[in-house]
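Undergrad: Got a file for you: start.csv, CSV, C-alpha atoms.
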chain,number,residue,atom,x,y,z
A,1,MET,CA,125.5,204.9,-10.6
A,2,ILE,CA,123.4,203.0,-8.1
A,3,HIS,CA,119.8,203.3,-9.2
A,4,LEU,CA,117.3,203.6,-6.3
A,5,GLU,CA,115.1,206.3,-8.0
A,6,ILE,CA,112.6,204.2,-10.0
A,7,GLY,CA,110.3,201.3,-9.3
A,8,GLU,CA,112.1,198.8,-11.6
A,9,THR,CA,113.9,195.9,-10.0
A,10,ASP,CA,117.0,194.2,-11.3
A,11,PHE,CA,115.3,190.7,-11.3
A,12,GLY,CA,114.3,190.5,-15.0
A,13,PRO,CA,111.2,188.6,-16.3
A,14,PRO,CA,110.9,184.8,-15.9
A,15,SER,CA,112.8,183.0,-18.6
A,16,SER,CA,109.7,181.2,-19.8
A,17,VAL,CA,108.1,184.6,-20.5
A,18,LYS,CA,110.9,185.4,-23.0
A,19,ASP,CA,110.4,181.9,-24.6
A,20,ALA,CA,106.7,182.6,-24.8
A,21,PHE,CA,107.3,185.6,-27.0
A,22,ALA,CA,109.2,183.6,-29.5
A,23,THR,CA,106.6,180.8,-29.4
A,24,ALA,CA,103.8,183.2,-30.0
A,25,ILE,CA,105.6,184.7,-33.1
A,26,ASN,CA,106.5,181.3,-34.5
A,27,SER,CA,102.9,180.2,-34.0
A,28,GLY,CA,101.5,183.1,-36.0
A,29,CYS,CA,100.1,185.0,-33.0
A,30,TYR,CA,100.8,188.4,-34.3
A,31,HIS,CA,97.5,189.8,-35.4
A,32,TYR,CA,94.8,192.3,-34.2
A,33,THR,CA,92.9,191.2,-31.2
A,34,ASP,CA,89.8,192.2,-29.3
A,35,ALA,CA,90.5,195.6,-27.8
A,36,ARG,CA,89.9,194.1,-24.4
A,37,GLY,CA,92.6,191.5,-25.0
A,38,ILE,CA,92.7,187.8,-26.1
A,39,GLU,CA,90.0,185.7,-24.6
A,40,ARG,CA,92.3,183.2,-22.9
A,41,LEU,CA,94.2,185.9,-21.0
A,42,ARG,CA,91.0,187.6,-19.9
A,43,GLU,CA,89.5,184.3,-18.7
A,44,LYS,CA,92.7,183.5,-16.7
A,45,LEU,CA,92.7,187.0,-15.1
A,46,ALA,CA,89.0,186.7,-14.4
A,47,LEU,CA,89.5,183.3,-12.7
A,48,ILE,CA,92.4,184.7,-10.5
A,49,HIS,CA,90.4,187.7,-9.3
A,50,GLY,CA,86.9,186.3,-9.2
A,51,PHE,CA,85.6,188.3,-12.1
A,52,THR,CA,84.2,187.4,-15.5
A,53,LYS,CA,86.0,187.9,-18.8
A,54,GLU,CA,83.6,190.7,-19.7
A,55,THR,CA,84.8,192.6,-16.7
A,56,VAL,CA,88.5,192.4,-17.5
A,57,MET,CA,90.5,194.4,-20.0
A,58,VAL,CA,94.2,194.1,-20.9
A,59,THR,CA,96.1,197.5,-21.3
A,60,PRO,CA,99.5,198.6,-22.4
A,61,GLY,CA,100.8,199.0,-18.9
A,62,GLY,CA,99.0,200.0,-15.7
A,63,ARG,CA,99.6,203.7,-16.6
A,64,PHE,CA,97.4,203.5,-19.7
A,65,GLY,CA,94.7,201.9,-17.5
A,66,VAL,CA,94.8,205.0,-15.4
A,67,TYR,CA,94.8,207.3,-18.4
A,68,ALA,CA,92.0,205.5,-20.2
A,69,SER,CA,89.8,205.3,-17.1
A,70,ILE,CA,90.0,209.1,-16.5
A,71,ALA,CA,89.8,210.0,-20.2
A,72,SER,CA,86.8,207.7,-21.0
A,73,LEU,CA,84.7,208.4,-17.9
A,74,LEU,CA,85.3,212.0,-17.1
A,75,LYS,CA,84.6,215.2,-19.1
A,76,PRO,CA,86.6,218.4,-19.2
A,77,GLY,CA,85.9,220.6,-16.2
A,78,GLU,CA,85.0,217.7,-13.9
A,79,GLU,CA,87.1,216.8,-10.9
A,80,ILE,CA,89.0,214.0,-9.3
A,81,VAL,CA,90.2,213.7,-5.7
A,82,VAL,CA,93.8,212.5,-5.2
A,83,ILE,CA,95.4,211.6,-1.8
A,84,GLU,CA,99.0,212.8,-1.5
A,85,PRO,CA,101.8,211.9,-1.5
A,86,SER,CA,100.9,210.0,-4.7
A,87,TRP,CA,102.3,208.8,-8.0
A,88,PRO,CA,102.1,211.9,-10.2
A,89,ALA,CA,100.5,210.1,-13.1
A,90,TYR,CA,97.0,210.5,-11.7
A,91,SER,CA,97.1,214.3,-11.7
A,92,ASP,CA,99.1,214.3,-15.0
A,93,CYS,CA,96.5,212.2,-16.8
A,94,ALA,CA,93.7,214.3,-15.4
A,95,VAL,CA,95.2,217.6,-16.4
A,96,LEU,CA,96.0,216.3,-19.9
A,97,ASN,CA,92.2,215.7,-20.2
A,98,SER,CA,91.3,219.1,-18.8
A,99,VAL,CA,90.0,217.4,-15.6
A,100,LYS,CA,90.6,219.3,-12.4
A,101,VAL,CA,92.5,217.8,-9.4
A,102,LYS,CA,91.6,218.2,-5.8
A,103,THR,CA,94.4,217.0,-3.5
A,104,ILE,CA,94.1,215.7,0.1
A,105,LYS,CA,97.4,216.1,2.0
A,106,THR,CA,98.4,213.4,4.4
A,107,THR,CA,101.3,213.6,6.9
A,108,LEU,CA,104.0,211.4,8.4
A,109,GLU,CA,102.8,212.4,11.8
A,110,ASN,CA,99.4,210.9,11.0
A,111,GLN,CA,100.9,207.7,9.6
A,112,TRP,CA,99.9,208.9,6.1
A,113,SER,CA,96.2,208.3,6.8
A,114,PRO,CA,93.7,210.7,5.1
A,115,HIS,CA,91.0,212.5,7.1
A,116,ILE,CA,87.6,211.5,5.8
A,117,ASP,CA,86.2,214.9,6.6
A,118,GLU,CA,88.8,216.4,4.3
A,119,ILE,CA,87.8,214.1,1.5
A,120,ASN,CA,84.2,214.9,2.0
A,121,GLY,CA,85.0,218.6,2.0
A,122,ALA,CA,86.7,218.3,-1.3
A,123,ILE,CA,83.7,216.8,-3.0
A,124,ASN,CA,81.3,219.0,-5.0
A,125,ASP,CA,78.9,218.7,-7.9
A,126,ALA,CA,81.8,218.5,-10.3
A,127,THR,CA,83.6,215.7,-8.5
A,128,LYS,CA,83.3,212.4,-10.3
A,129,MET,CA,86.2,210.2,-9.1
A,130,ILE,CA,88.3,209.4,-6.0
A,131,VAL,CA,91.7,207.9,-6.8
A,132,LEU,CA,93.3,205.4,-4.4
A,133,ASN,CA,96.8,204.0,-4.5
A,134,TYR,CA,97.4,201.3,-1.9
A,135,PRO,CA,99.9,199.9,-1.2
A,136,ASN,CA,101.0,203.5,-1.7
A,137,ASN,CA,103.7,204.8,-3.9
A,138,PRO,CA,105.8,206.4,-2.3
A,139,THR,CA,105.0,205.7,1.4
A,140,GLY,CA,104.1,202.0,1.3
A,141,LYS,CA,100.9,202.8,3.4
A,142,ILE,CA,97.9,200.4,3.3
A,143,LEU,CA,94.6,201.9,4.5
A,144,GLY,CA,92.7,200.1,7.1
A,145,THR,CA,89.3,198.5,6.3
A,146,ASP,CA,87.4,201.1,8.3
A,147,THR,CA,88.9,204.0,6.3
A,148,ILE,CA,88.2,202.2,3.0
A,149,GLU,CA,84.6,201.5,3.9
A,150,ARG,CA,84.1,205.2,4.8
A,151,ILE,CA,85.6,206.3,1.4
A,152,ILE,CA,83.3,203.8,-0.4
A,153,SER,CA,80.3,205.2,1.6
A,154,LEU,CA,81.2,208.7,0.4
A,155,ALA,CA,81.5,207.5,-3.1
A,156,LYS,CA,78.1,205.8,-3.0
A,157,ASP,CA,76.5,208.9,-1.5
A,158,HIS,CA,77.8,211.1,-4.4
A,159,GLY,CA,77.8,208.5,-7.2
A,160,LEU,CA,81.6,208.7,-7.6
A,161,TYR,CA,83.9,206.3,-9.4
A,162,ILE,CA,86.8,204.9,-7.3
A,163,LEU,CA,89.9,204.3,-9.3
A,164,SER,CA,92.1,202.0,-7.2
A,165,ASP,CA,95.7,201.5,-8.4
A,166,GLU,CA,96.8,198.2,-6.9
A,167,VAL,CA,99.9,197.4,-8.9
A,168,TYR,CA,101.9,196.8,-5.6
A,169,SER,CA,99.2,194.4,-4.2
A,170,LYS,CA,101.6,191.4,-4.3
A,171,TYR,CA,104.3,193.4,-2.4
A,172,CYS,CA,102.3,193.5,0.8
A,173,ILE,CA,103.7,193.0,4.3
A,174,LYS,CA,100.5,193.9,6.1
A,175,LYS,CA,97.2,192.3,5.0
A,176,PHE,CA,95.7,194.0,2.0
A,177,LYS,CA,92.1,193.9,0.7
A,178,SER,CA,91.4,194.9,-2.9
A,179,ILE,CA,88.7,197.5,-3.5
A,180,SER,CA,87.0,194.9,-5.7
A,181,GLU,CA,86.2,192.8,-2.6
A,182,TYR,CA,83.8,195.5,-1.4
A,183,ASN,CA,81.5,195.0,-4.4
A,184,TYR,CA,81.1,198.6,-5.3
A,185,ASP,CA,79.9,198.7,-8.9
A,186,ARG,CA,81.7,202.0,-9.8
A,187,SER,CA,85.1,200.8,-8.7
A,188,ILE,CA,87.9,200.3,-11.2
A,189,VAL,CA,91.0,198.3,-10.3
A,190,ILE,CA,94.3,198.9,-12.0
A,191,GLU,CA,96.9,196.0,-12.0
A,192,SER,CA,100.2,195.4,-13.8
A,193,PHE,CA,102.7,192.8,-14.8
A,194,SER,CA,105.5,195.3,-14.4
A,195,LYS,CA,106.1,195.0,-10.7
A,196,THR,CA,105.0,191.4,-9.8
A,197,TYR,CA,106.8,189.7,-12.8
A,198,ALA,CA,109.5,192.3,-13.4
A,199,MET,CA,108.1,193.0,-16.9
A,200,THR,CA,108.3,196.8,-17.0
A,201,GLY,CA,109.4,197.0,-20.7
A,202,PHE,CA,106.6,194.6,-21.9
A,203,ARG,CA,104.0,197.3,-21.1
A,204,LEU,CA,101.4,195.0,-19.8
A,205,GLY,CA,98.6,195.9,-17.3
A,206,TYR,CA,94.9,195.2,-16.9
A,207,VAL,CA,91.7,196.8,-15.6
A,208,LEU,CA,89.0,195.1,-13.5
A,209,SER,CA,85.6,196.7,-13.3
A,210,SER,CA,82.0,196.3,-14.3
A,211,ALA,CA,81.2,195.2,-17.9
A,212,LEU,CA,79.7,198.7,-18.6
A,213,ILE,CA,82.8,200.5,-17.5
A,214,ILE,CA,85.1,198.1,-19.3
A,215,LYS,CA,83.1,198.7,-22.5
A,216,GLN,CA,83.7,202.5,-22.1
A,217,ILE,CA,87.4,202.1,-21.5
A,218,ALA,CA,87.8,199.6,-24.3
A,219,LYS,CA,86.4,202.1,-26.8
A,220,LEU,CA,89.1,204.5,-26.0
A,221,LEU,CA,91.9,201.9,-26.3
A,222,ALA,CA,90.4,200.7,-29.6
A,223,PHE,CA,90.4,204.3,-31.0
A,224,ALA,CA,93.9,205.0,-29.7
A,225,MET,CA,95.8,201.8,-30.5
A,226,THR,CA,93.5,199.0,-31.5
A,227,SER,CA,94.8,196.5,-28.9
A,228,VAL,CA,97.8,195.4,-26.9
A,229,ALA,CA,100.3,193.5,-29.2
A,230,GLU,CA,99.2,189.9,-29.4
A,231,PRO,CA,102.6,188.2,-28.7
A,232,LEU,CA,102.9,190.2,-25.5
A,233,GLN,CA,99.5,189.0,-24.3
A,234,TYR,CA,100.8,185.4,-24.6
A,235,CYS,CA,103.8,186.5,-22.5
A,236,ALA,CA,101.3,187.7,-19.9
A,237,LEU,CA,99.5,184.4,-20.0
A,238,ASN,CA,102.7,182.6,-19.4
A,239,ALA,CA,103.7,184.9,-16.6
A,240,LEU,CA,100.5,184.0,-14.7
A,241,GLU,CA,101.8,180.4,-14.5
A,242,THR,CA,105.2,181.3,-13.1
A,243,GLU,CA,106.4,181.7,-9.5
A,244,TYR,CA,107.0,185.3,-8.3
A,245,LEU,CA,107.3,184.9,-4.5
A,246,THR,CA,111.1,184.7,-4.6
A,247,ASN,CA,111.2,188.3,-6.0
A,248,ILE,CA,108.8,189.5,-3.3
A,249,GLU,CA,110.8,188.0,-0.5
A,250,GLU,CA,114.0,189.4,-1.8
A,251,THR,CA,112.4,192.9,-2.0
A,252,ARG,CA,111.4,192.5,1.6
A,253,ILE,CA,115.0,191.7,2.6
A,254,ARG,CA,116.1,194.8,0.7
A,255,LEU,CA,113.5,196.9,2.4
A,256,ASN,CA,114.6,195.7,5.8
A,257,THR,CA,118.2,196.6,4.9
A,258,LEU,CA,117.0,200.2,4.1
A,259,VAL,CA,115.0,200.3,7.3
A,260,GLU,CA,117.9,199.3,9.5
A,261,ARG,CA,120.3,201.7,7.9
A,262,LEU,CA,117.9,204.6,8.0
A,263,LYS,CA,117.2,204.0,11.7
A,264,GLN,CA,120.8,205.0,12.2
A,265,MET,CA,120.4,208.4,10.5
A,266,ASP,CA,118.5,211.6,11.5
A,267,VAL,CA,115.5,210.9,9.3
A,268,SER,CA,111.9,210.1,10.1
A,269,PHE,CA,109.8,207.5,8.3
A,270,THR,CA,107.1,204.9,8.7
A,271,ILE,CA,107.9,201.3,8.1
A,272,PRO,CA,106.0,200.4,4.9
A,273,ASP,CA,103.0,198.1,4.9
A,274,GLY,CA,103.8,197.1,1.3
A,275,SER,CA,105.3,198.2,-2.0
A,276,MET,CA,109.0,198.6,-2.7
A,277,TYR,CA,109.8,202.0,-1.3
A,278,LEU,CA,110.8,204.0,1.7
A,279,TYR,CA,109.9,207.7,2.0
A,280,PRO,CA,112.1,209.3,4.7
A,281,ARG,CA,111.9,212.9,5.8
A,282,ILE,CA,115.4,214.5,6.1
A,283,ASN,CA,115.7,216.1,9.5
A,284,THR,CA,119.4,217.1,9.8
A,285,ILE,CA,120.3,219.4,7.0
A,286,THR,CA,118.6,222.4,5.6
A,287,LEU,CA,118.8,221.3,1.9
A,288,ASP,CA,115.6,220.8,0.0
A,289,ASP,CA,115.0,217.5,-1.7
A,290,ASN,CA,116.2,218.4,-5.2
A,291,THR,CA,119.4,219.8,-3.9
A,292,LEU,CA,120.0,216.7,-1.9
A,293,VAL,CA,119.1,214.5,-4.9
A,294,ASN,CA,121.7,216.4,-7.0
A,295,LEU,CA,124.3,216.1,-4.3
A,296,LEU,CA,123.7,212.3,-4.2
A,297,LEU,CA,123.8,212.1,-8.0
A,298,GLU,CA,127.3,213.7,-8.0
A,299,ARG,CA,128.3,210.8,-5.7
A,300,GLY,CA,126.8,208.1,-7.9
A,301,ILE,CA,123.5,207.5,-6.1
A,302,ALA,CA,120.1,208.1,-7.7
A,303,VAL,CA,117.0,208.6,-5.5
A,304,ALA,CA,113.7,210.4,-6.2
A,305,PRO,CA,112.9,213.8,-4.8
A,306,GLY,CA,109.9,213.7,-2.4
A,307,SER,CA,108.2,216.7,-4.0
A,308,ALA,CA,107.7,214.7,-7.1
A,309,PHE,CA,104.8,213.1,-5.2
A,310,GLY,CA,103.3,216.3,-3.9
A,311,SER,CA,104.5,219.9,-3.4
A,312,SER,CA,104.3,219.7,0.4
A,313,TYR,CA,107.0,217.1,0.6
A,314,SER,CA,110.2,218.9,-0.2
A,315,LYS,CA,112.0,217.5,2.9
A,316,PHE,CA,111.4,213.9,1.8
A,317,ILE,CA,113.1,211.6,-0.7
A,318,ARG,CA,111.9,208.2,-2.0
A,319,ILE,CA,114.3,205.3,-2.0
A,320,SER,CA,113.5,202.2,-4.0
A,321,ALA,CA,114.5,198.8,-2.7
A,322,THR,CA,115.2,197.6,-6.3
A,323,GLN,CA,119.0,196.8,-6.1
A,324,PRO,CA,120.9,194.0,-4.2
A,325,ALA,CA,121.5,194.6,-0.5
A,326,GLU,CA,125.2,195.2,-0.9
A,327,GLN,CA,124.4,198.0,-3.4
A,328,ILE,CA,121.9,199.5,-1.0
A,329,GLU,CA,124.5,199.4,1.8
A,330,LYS,CA,126.9,201.3,-0.4
A,331,ALA,CA,124.2,203.9,-1.3
A,332,MET,CA,123.3,204.3,2.4
A,333,ASP,CA,126.9,205.0,3.3
A,334,VAL,CA,126.9,207.8,0.8
A,335,LEU,CA,123.5,209.2,2.1
A,336,GLU,CA,124.7,209.0,5.7
A,337,ASN,CA,127.9,211.0,4.7
A,338,CYS,CA,125.8,213.6,2.9
A,339,LEU,CA,123.4,214.0,5.9
A,340,SER,CA,126.4,214.6,8.2
A,341,MET,CA,127.7,217.5,6.2
A,342,LYS,CA,127.4,221.0,7.7
A,343,THR,CA,125.1,223.1,5.7
Could I get this file's structure written as structure tokens?

TA:
Amino acid sequence: MIHLEIGETDFGPPSSVKDAFATAINSGCYHYTDARGIERLREKLALIHGFTKETVMVTPGGRFGVYASIASLLKPGEEIVVIEPSWPAYSDCAVLNSVKVKTIKTTLENQWSPHIDEINGAINDATKMIVLNYPNNPTGKILGTDTIERIISLAKDHGLYILSDEVYSKYCIKKFKSISEYNYDRSIVIESFSKTYAMTGFRLGYVLSSALIIKQIAKLLAFAMTSVAEPLQYCALNALETEYLTNIEETRIRLNTLVERLKQMDVSFTIPDGSMYLYPRINTITLDDNTLVNLLLERGIAVAPGSAFGSSYSKFIRISATQPAEQIEKAMDVLENCLSMKT
């Protein structure tokens, strides 16, 4: 099976990170910590991002940062606005907490850019948060500065939180500006070690926000699980000292391989601004995404159905650039053959 369905590369974590785990254990670093994370790690993250240690919190993966932000800041019956296509965790975390979800649909024809009027129209008295995910999973879209500024203006007018999932921020081809650089005090940035350092199984992420918001989120983490495991936090500290650009460049090469192969097929897509995915629309055959995904599975290729990222996208699939180029070439041979079938 050639796995192109999930956002997990074949690189593996830096070797020094694995050594750091053993060193932490042998040094007796296996105790409870501050719910926000060990001080040294928070100080290092604060230095990198231009924050203070009081405005940084370590979480068990970026996903828990998303969950904790929604669960600790919103009440049942309140609403969030999500721009689709999007990673399904935002809506899932909201629904789990009895928070309602308003979705804004974007289109391939419009280069996956949301209409500000539609966002404004989705806001009412119950709305408390706008969720952003750029570079986007699955499209790779990065919003322009003007669009972001208009979204922030809407958030300020209505007193809304902005939850910005930026876990693909290092995988940028086009220039990217974090929401934190706009100095909006109700913004919450989610980051992760999973993508940048290939540390998916370590379950390490972090949140950047105001000290007041971090205090709220930290309460929930403390109640739910006390803290992130101390040895893993030392792994994160070590990772911040390692080089990751080789992985980023290799992913770009893989993305280019996908782009060039898909150009030869009857599919439509935008070239991603960042992240590690392509999100093509299938034009040739009448099969829906799930049928095509199963057809590919039978032939040893795993991709994600487009409708996993929004119900309006059943003619799309998401392909991850997470395997070597030669494996991607083999997978694209199979996809091309499937798309040429008469259905």

Undergrad: Quick one: of A:Leu163, A:Ile148, A:Ala325, A:Met225, who's nearest to Arg186 in chain A, counting all atoms listed in the file?

TA: A:Leu163

Undergrad: Under the rule that all atoms listed in the file are counted, which of A:Ser180, A:Asn26, A:Ser209, A:Ser227 is the nearest residue to Ser69 in chain A?

TA: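 Selected residue with least distance to Ser69 in chain A: A:Ser209.
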
Undergrad: Rounded to one decimal place, report the CA of Asn247 in chain A-CA of Glu8 in chain A distance in Å.

TA: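 Taking CA of Asn247 in chain A as the start and CA of Glu8 in chain A as the end point, the length is 11.9 Å.
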
Undergrad: Show me the residues around (86.0, 194.3, 3.1) - criterion: an atom at most 10 Å away, all atoms listed in the file counted - as an MDAnalysis selection string.

TA: chainID A and resid 144:146 148:149 176:183

Undergrad: I'd like to know which of A:Pro138, A:Gly77, A:Gly310, A:Pro14 is closest to Thr270 in chain A, using all atoms listed in the file.

TA: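 Once distances to Thr270 in chain A are computed over all atoms listed in the file, the minimum belongs to A:Pro138.
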
Undergrad: Which value, in Å to one decimal, gives the distance between CA of Arg203 in chain A and CA of Arg63 in chain A?

TA: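 Between these atoms lies a distance of 9.0 Å.
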
Undergrad: Quick one: distance from CA of Lys44 in chain A to CA of Tyr206 in chain A in Å, one decimal?

TA: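 About the pair CA of Lys44 in chain A and CA of Tyr206 in chain A: they are 11.9 Å apart.
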
Undergrad: Excluding Val81 in chain A and residues on its chain fewer than 4 positions from it, collect all residues at most 7 Å away from it, counting only C-alpha atoms, and give them as a compact mmCIF listing (two decimals) with C-alpha atoms, keeping the file's coordinate frame.

TA:
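Okay, result.txt is ready:
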# COMPACT_ATOMS: atom_id res chain seq x y z
CA VAL A 101 92.50 217.80 -9.40
CA LYS A 102 91.60 218.20 -5.80
CA THR A 103 94.40 217.00 -3.50
CA MET A 129 86.20 210.20 -9.10
CA ILE A 130 88.30 209.40 -6.00
CA VAL A 131 91.70 207.90 -6.80

Undergrad: Within 7 Å of Val293 in chain A, counting only C-alpha atoms, which residues qualify if same-chain residues fewer than 6 places away don't, as a list in words?

TA: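 The contact residues come out as Val303, Ala304 and Pro305 of chain A.
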
Undergrad: Residues of range 2-111 of chain A that approach range 231-237 of chain A to 7 Å or less, counting only C-alpha atoms: could you list each one with the shortest pair of atoms and its distance in Å to one decimal, rows by chain and increasing residue number, as JSON lines?

TA:
{"residue": "A:Val17", "atom": "CA", "partner": "A:Cys235", "partner_atom": "CA", "distance": 5.1}
{"residue": "A:Ala20", "atom": "CA", "partner": "A:Cys235", "partner_atom": "CA", "distance": 5.4}
{"residue": "A:Phe21", "atom": "CA", "partner": "A:Pro231", "partner_atom": "CA", "distance": 5.6}
{"residue": "A:Ala24", "atom": "CA", "partner": "A:Pro231", "partner_atom": "CA", "distance": 5.3}
{"residue": "A:Ile25", "atom": "CA", "partner": "A:Pro231", "partner_atom": "CA", "distance": 6.4}
{"residue": "A:Cys29", "atom": "CA", "partner": "A:Pro231", "partner_atom": "CA", "distance": 5.9}
{"residue": "A:Tyr30", "atom": "CA", "partner": "A:Pro231", "partner_atom": "CA", "distance": 5.9}
{"residue": "A:Leu41", "atom": "CA", "partner": "A:Leu237", "partner_atom": "CA", "distance": 5.6}

Undergrad: My list of candidates is A:Ala155, A:His3, A:Glu230, A:Gly61. Which is closest to Ser27 in chain A when distances are computed with only C-alpha atoms?

TA: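 Result for the nearest residue to Ser27 in chain A: A:Glu230.
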
Undergrad: Counting all atoms listed in the file, which residues come within 10 Å of (97.2, 207.3, 8.3), with the point read in the file's coordinates, and could you list them as JSON, numbers by chain?

TA: {"A": [106, 107, 108, 109, 110, 111, 112, 113, 114, 115, 141, 142, 143, 144, 147]}

Undergrad: Would you please work out which residue, of A:Glu166, A:Glu191, A:Asp289, A:Asp333, is nearest to Arg261 in chain A when using only C-alpha atoms?

TA: A:Asp333

Undergrad: Given the choices A:Ile80, A:Glu54, A:Phe269, A:Ala71, which gets closest to Leu96 in chain A if the distance is worked out from all atoms listed in the file?

TA: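 Closest residue, counting all atoms listed in the file: A:Ala71.
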
Undergrad: With all atoms listed in the file as the counted atoms, please give the residues lying no more than 9 Å from Met332 in chain A, apart from itself and same-chain residues fewer than 5 positions off, as number ranges by chain.

TA: A: 258, 261-262, 327, 337

Undergrad: Find the residues of range 131-175 of chain A that sit at most 9 Å from range 84-92 of chain A; for each, write down the nearest two atoms and how far apart they are in Å, to one decimal. Count only C-alpha atoms. Sort by chain, then by number going up, and give it as CSV.

TA:
residue,atom,partner,partner_atom,distance
A:Val131,CA,A:Tyr90,CA,7.7
A:Leu132,CA,A:Ser86,CA,8.9
A:Asn133,CA,A:Ser86,CA,7.3
A:Asn136,CA,A:Ser86,CA,7.2
A:Asn137,CA,A:Trp87,CA,5.9
A:Pro138,CA,A:Ser86,CA,6.5
A:Thr139,CA,A:Pro85,CA,7.6

Undergrad: Can you build me a table of range 190-233 of chain A residues sitting at most 10 Å from range 239-244 of chain A, with the closest atom pair per residue and its distance in Å to one decimal, using only C-alpha atoms, sorted by chain and residue number, as a Markdown table?

TA:
| residue | atom | partner | partner_atom | distance |
| --- | --- | --- | --- | --- |
| A:Phe193 | CA | A:Ala239 | CA | 8.2 |
| A:Thr196 | CA | A:Tyr244 | CA | 6.6 |
| A:Tyr197 | CA | A:Tyr244 | CA | 6.3 |
| A:Ala198 | CA | A:Tyr244 | CA | 9.0 |
| A:Met199 | CA | A:Ala239 | CA | 9.2 |
| A:Gln233 | CA | A:Ala239 | CA | 9.7 |

Undergrad: Leaving out range 249-257 of chain A and any residue of its chain fewer than 4 positions from it, which residues lie within 8 Å of it when counting all atoms listed in the file, given as a CSV table (one decimal) with C-alpha atoms, in the frame of the given file?

TA:
chain,number,residue,atom,x,y,z
A,245,LEU,CA,107.3,184.9,-4.5
A,261,ARG,CA,120.3,201.7,7.9
A,276,MET,CA,109.0,198.6,-2.7
A,277,TYR,CA,109.8,202.0,-1.3
A,278,LEU,CA,110.8,204.0,1.7
A,321,ALA,CA,114.5,198.8,-2.7
A,322,THR,CA,115.2,197.6,-6.3
A,323,GLN,CA,119.0,196.8,-6.1
A,324,PRO,CA,120.9,194.0,-4.2
A,325,ALA,CA,121.5,194.6,-0.5
A,328,ILE,CA,121.9,199.5,-1.0
A,329,GLU,CA,124.5,199.4,1.8
